[in-house]
Amino acid sequence: MCLALTAVLAGSILCGVALGPVGIPFRDVLRFLHAALTQGPVDAADAGPYRIVWDIRLPRVLLAAVVGAGLSVVGVAIQAMVRNALADPYVLGISSGASVGATAVATTGLFASLGIYALSTAAFLAALAAMALVYLVAGRNLTPLRLVLTGTAMAYGFSAIAMLLVFQSPRGEAARAAMFWLLGSLGGVTWASLPIAAVVVAAGTAYLRSRAKHLNALSMGDETATTLGIDVLRTRTALFLVTAAMTGVLVAVSGAVGFVGLMLPHLVRLTVGADHRKVLAVAPLAGACFLIWVDVAARLLAAPEELPLGVITAALGVPCFILLMRRRGYVFGGR
């Protein structure tokens with residue numbers, strides 16, 4: 001399955017680069033990519049399509065793959081960590097905290113000196129502050145219930161602050177940009193946006209895969225995990241910090257893309273079972289493929305305008321999740 005998904009991912013990247021309001025033939029896409037990688041010459045007549053492929057679409061498609069993979073992996077870990085089938089990367093309140101920073105930039109011009117990096121920088125710093133606040137409020141006893149309740153309460157508070165900033169903004173276009181970001185967007189992505197997100201997702205995924213047995217134990221309950229010799233509090237604290245940091249980075253570069261971290265883990269479990277050693281191997285590939293095609297749909301459905309990613313993921317995720325919950329015999333982690 002991993003080999004098949006890897007092939008699908010490669011094809012999805014190629015399609016994601018070729019498809020858009022301005023279609024580019026696959027043959028030309030391959031030719032431009034070869035020229036860019038080998039520093040080969042490009043005809044003057046092809047300068048425009050070459051720039052679209054290399055400077056605009058390829059970094060966007062690769063970032064979509066990174067964000068989709070990261071959200072899927074974080075969703076798997078959080079659902080096991082808090083033992084809640086409805087948990088997703090945003091249940092801890094980190095994304096809502098990041099939205100406050102991003103909204104402040106869009107509506108007040110905060111960090112304007114940073115230029116195009118102002119929004120992502122403010123969102124990441126606000127996500128870190130939200131992570132620290134949730135950790136302090138939840139206390140040292142990070143039980144699943146305390147984490148979920150604290151994160152949910154903080155998320156409501158942060159969302160209220162973000163909405164207040166939008167409501168009081170004297171600039172209508174700034175408020176529209178803030179709302180568009182809150183629903184998720186990969187518009188304006190450059191190569192500079194990719195390395196940090198890719199490194200964080202790769203390192204976080206490697207760490208979570210190394211803790212797959214711990215996640216298996218936590219998903220069966222704290223008592224069972226303790227019986228198996230796992231330090232539950234220390235493990236859950238480490239998982240909280242890793243998943244919160246990954247969420248903060250992903251939200252900073254793409255906004256709050258909903259339903260990916262909620263839906264993909266369940267679909268993967270239906271396919272490979274509840275063992276997190278398998279789930280964490282398949283989930284990032286499935287999430288990467290999924291979000292690439294969501295981004296393609298966001299670019300094409302209302303072309304030349306662009307839809308927020310959250311609109312597409314919700315349209316796909318809600319009916320899928322309803323069908324999933326109506327499956328007879330399905331429970332969290334399998335049958």
# chains A, B, ... in the order shown; residues from 1 in each chain; ligands from 1
>>> residues_around(residues="Ala177 in chain A", least_positions_apart="4", cutoff="12 Å", atoms="only C-alpha atoms", output="list in words")
Ala102, Thr103, Ala104, Val105, Ala106, Thr107, Leu119, Val166, Ser169, Arg171, Gly172, Glu173, Trp181, Leu182, Leu183, Gly184, Ser185, Gly187, Gly255 and Pro308 of chain A
>>> residues_around(residues="Ile161 in chain A", least_positions_apart="6", cutoff="12 Å", atoms="only C-alpha atoms", output="PyMOL selection string")
chain A and resi 96-104+154-155+167-168
>>> select_by_dssp(residues="range 163-228 of chain A", states="helix (DSSP H, G or I)", output="MDAnalysis selection string")
chainID A and resid 163:168 172:182 191:210 212:218 222:227
>>> closest_residue(among="A:Gly139, A:Val272, A:Ala10, A:Val67", to="Ala202 in chain A", atoms="only C-alpha atoms")
A:Val67
>>> residues_around(residues="Leu228 in chain A", least_positions_apart="5", cutoff="10 Å", atoms="only C-alpha atoms", output="list in words")
His214, Ala217, Asp222 and Glu223 of chain A
>>> write_last_selection(atoms="N, CA, C and O atoms", output="compact mmCIF listing (two decimals), in the first residue's frame")
# COMPACT_ATOMS: atom_id res chain seq x y z
N HIS A 214 3.84 3.09 21.97
CA HIS A 214 3.29 3.89 23.06
C HIS A 214 1.88 4.38 22.71
O HIS A 214 0.99 4.39 23.56
N ALA A 217 -0.56 1.64 23.18
CA ALA A 217 -0.89 1.44 24.59
C ALA A 217 -1.81 2.55 25.11
O ALA A 217 -2.79 2.27 25.82
N ASP A 222 -5.04 4.58 30.11
CA ASP A 222 -3.87 4.86 30.93
C ASP A 222 -3.49 3.67 31.81
O ASP A 222 -2.30 3.41 32.03
N GLU A 223 -4.49 2.97 32.33
CA GLU A 223 -4.18 1.84 33.19
C GLU A 223 -3.44 0.74 32.44
O GLU A 223 -2.45 0.20 32.93
>>> residues_around(residues="Leu3 in chain A", least_positions_apart="3", cutoff="12 Å", atoms="only C-alpha atoms", output="PyMOL selection string")
chain A and resi 6-10+281-282+285-286
>>> residues_around(residues="Val199 in chain A", least_positions_apart="6", cutoff="12 Å", atoms="only C-alpha atoms", output="list of chain:residue names")
A:Leu63, A:Val66, A:Val67, A:Gly70, A:Ser193, A:Thr205, A:Ala206, A:Met246, A:Val249, A:Leu250
>>> residues_around(residues="range 267-270 of chain A", least_positions_apart="3", cutoff="8 Å", atoms="only C-alpha atoms", output="ChimeraX atom specification")
/A:263-264,273-274,279,282-283,286,333-334
>>> residues_around(residues="Leu239 in chain A", least_positions_apart="4", cutoff="12 Å", atoms="only C-alpha atoms", output="ChimeraX atom specification")
/A:73-82,92,142,144,147,204-205,207-212,214-215,218,232-235,243-247
>>> write_last_selection(atoms="C-alpha atoms", output="PDB file, in the first residue's frame")
ATOM      1  CA  VAL A  73       0.006  12.254  11.264  1.00  0.00           C
ATOM      2  CA  VAL A  74      -0.887  14.737  13.997  1.00  0.00           C
ATOM      3  CA  GLY A  75      -4.525  13.653  13.815  1.00  0.00           C
ATOM      4  CA  VAL A  76      -3.516  10.009  14.312  1.00  0.00           C
ATOM      5  CA  ALA A  77      -1.362  10.880  17.322  1.00  0.00           C
ATOM      6  CA  ILE A  78      -3.892  13.167  19.010  1.00  0.00           C
ATOM      7  CA  GLN A  79      -6.772  10.741  18.604  1.00  0.00           C
ATOM      8  CA  ALA A  80      -4.710   8.069  20.348  1.00  0.00           C
ATOM      9  CA  MET A  81      -3.261  10.476  22.917  1.00  0.00           C
ATOM     10  CA  VAL A  82      -6.651  11.751  24.148  1.00  0.00           C
ATOM     11  CA  LEU A  92      -5.750  21.579  21.494  1.00  0.00           C
ATOM     12  CA  LEU A 142      -2.257  15.993  31.410  1.00  0.00           C
ATOM     13  CA  PRO A 144      -7.104  13.206  28.099  1.00  0.00           C
ATOM     14  CA  LEU A 147      -6.392  18.338  27.525  1.00  0.00           C
ATOM     15  CA  GLY A 204       7.757  14.975  13.905  1.00  0.00           C
ATOM     16  CA  THR A 205       6.594  12.013  11.831  1.00  0.00           C
ATOM     17  CA  TYR A 207       9.393  10.774  16.298  1.00  0.00           C
ATOM     18  CA  LEU A 208       5.747   9.688  16.320  1.00  0.00           C
ATOM     19  CA  ARG A 209       6.548   6.529  14.376  1.00  0.00           C
ATOM     20  CA  SER A 210       9.208   5.718  16.955  1.00  0.00           C
ATOM     21  CA  ARG A 211       6.453   6.006  19.586  1.00  0.00           C
ATOM     22  CA  ALA A 212       3.931   3.854  17.712  1.00  0.00           C
ATOM     23  CA  HIS A 214       3.287   3.893  23.057  1.00  0.00           C
ATOM     24  CA  LEU A 215       0.357   5.199  21.027  1.00  0.00           C
ATOM     25  CA  LEU A 218      -2.352   4.917  25.234  1.00  0.00           C
ATOM     26  CA  VAL A 232       1.913   7.875  30.834  1.00  0.00           C
ATOM     27  CA  LEU A 233       2.357  11.467  32.024  1.00  0.00           C
ATOM     28  CA  ARG A 234       5.814  11.861  30.512  1.00  0.00           C
ATOM     29  CA  THR A 235       4.774  10.234  27.236  1.00  0.00           C
ATOM     30  CA  THR A 243       1.972  17.597  18.009  1.00  0.00           C
ATOM     31  CA  ALA A 244       1.397  21.183  19.149  1.00  0.00           C
ATOM     32  CA  ALA A 245       4.658  22.352  17.550  1.00  0.00           C
ATOM     33  CA  MET A 246       3.796  20.567  14.287  1.00  0.00           C
ATOM     34  CA  THR A 247       0.308  22.069  14.293  1.00  0.00           C
TER      35      THR A 247
END
